[in-house]
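Report on the following structure.
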Amino acid sequence: QNQSLESVNYLAHAYLSFGEPELVTGNMIADHVKGLKPLAELPPGIASGIILHRKIDAFSDQHPAVTRAKVWFRENFGLYSGAILDTLWDHFLANDPAAFPSDEELKRFSAASYQALKMNEAYLPAAFAQYFPYMQEQDWLFHYKSIRGVQCSLKGLERRAKYLTNIEAAYEIFVGRYYQLGQCYFELIDDLKAYVKNELAAIRGM
């Protein structure tokens, strides 16, 4: 069975779009767009966001900090370890003072991200369009900040994943290794920001 699952680190993908509405949209809907064919029918900025999302995932997946963190989850969660970590990275990002110095900043950023998606509503894939109102209403991007928000995100992951069970164990590992996971996040995010800026320059042919 295919165990791939849409990544749930929406905050990271929105953040790594550097405030450009079409990039934000492409980056956030990318998991619902398969292959290259549909890209031709989308505005270039949204198509670039989708390509960027795929590159971010591939880069993160092979990053030494992620490889190290996966070890703590692999025994219980196998191939789902990556999806679980994606959720956790959003928590550390939401609490990263370099990214969001205050709750107000994170709130503003979340609102701007929803606004970007609204502006490009015509291009949202059906599955994304279906849960987008809940994302906005419940302010998912902001709620990654709290421990409770992480718990909810992990439960949501368990609901959507066919073979994922006992998600409480993932939460226990998260709490037990909080400091070490935070270290992994900081190693990853700096490399990721530099990588994305390079990729964006290449995409734009600069």
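Naming works like this for the structure tokens: A, B, ... for the chains as they're shown, residue 1 at the start of each chain, ligands 1 onward in shown order.
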Among the residues of segment 15-202 of chain A, find those DSSP assigns to helix (DSSP H, G or I) from the backbone and print them as number ranges by chain.
A: 15, 21-32, 37-41, 44-61, 64-94, 103-119, 121-123, 126-137, 140-143, 147-160, 167-176, 178-202
Considering only C-alpha atoms, give me a table of residues in segment 107-176 of chain A that are at most 10 Å from segment 59-79 of chain A, with the closest atom pair and distance in Å for each, as CSV.
residue,atom,partner,partner_atom,distance
A:Tyr163,CA,A:Phe77,CA,9.4
A:Leu164,CA,A:Phe77,CA,7.3
A:Thr165,CA,A:Phe77,CA,8.4
A:Asn166,CA,A:Asn76,CA,8.6
A:Ile167,CA,A:Phe77,CA,8.7
A:Ala169,CA,A:Asn76,CA,7.9
A:Ala170,CA,A:Phe73,CA,6.9
A:Ile173,CA,A:Trp72,CA,7.4
A:Phe174,CA,A:Phe73,CA,9.2
Atomic separation - atom CA of Leu36 of chain A relative to atom CA of Ala122 of chain A, Å
19.0 Å
Write out, as CSV, each residue of segment 52-154 of chain A that has an atom at most 6 Å from segment 9-31 of chain A, together with the closest pair of atoms and their distance in Å to one decimal, counting only C-alpha atoms, rows going by chain and rising number.
residue,atom,partner,partner_atom,distance
A:His53,CA,A:Asn27,CA,5.0
A:Asp86,CA,A:Asn9,CA,5.1
A:Thr87,CA,A:Asn9,CA,5.2
A:Asp90,CA,A:Asn9,CA,5.6
A:Ala116,CA,A:Pro21,CA,4.6
A:Leu117,CA,A:Thr25,CA,5.4
A:Leu141,CA,A:Leu11,CA,5.6
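Considering only C-alpha atoms, the residue among A:Leu124, A:Leu85, A:Leu42, A:Leu52 positioned nearest to Arg204 of chain A is A:Leu52.
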Go ahead and compute the interatomic distance for atom CA of Phe142 of chain A and atom CA of Gly45 of chain A, in Å to one decimal.
24.8 Å
In Å, with one decimal, what is the gap from atom CA of Tyr185 of chain A to atom CA of Leu93 of chain A?
7.9 Å
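With only C-alpha atoms as the atoms that count, the minimum distance from Ala47 of chain A to the choices A:Ile203, A:Ala94, A:Tyr171, A:Leu88 is reached by A:Ile203.
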Calculated over only C-alpha atoms, which of the candidates A:Tyr131, A:Ser110, A:Ser102, A:Val175 has the smallest distance to Gly156 of chain A?
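Distance minimum relative to Gly156 of chain A lands on A:Tyr131.
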Distance criterion (only C-alpha atoms): nearest to His143 of chain A out of A:Leu106, A:Ala126, A:Ala161, A:Met119
A:Leu106
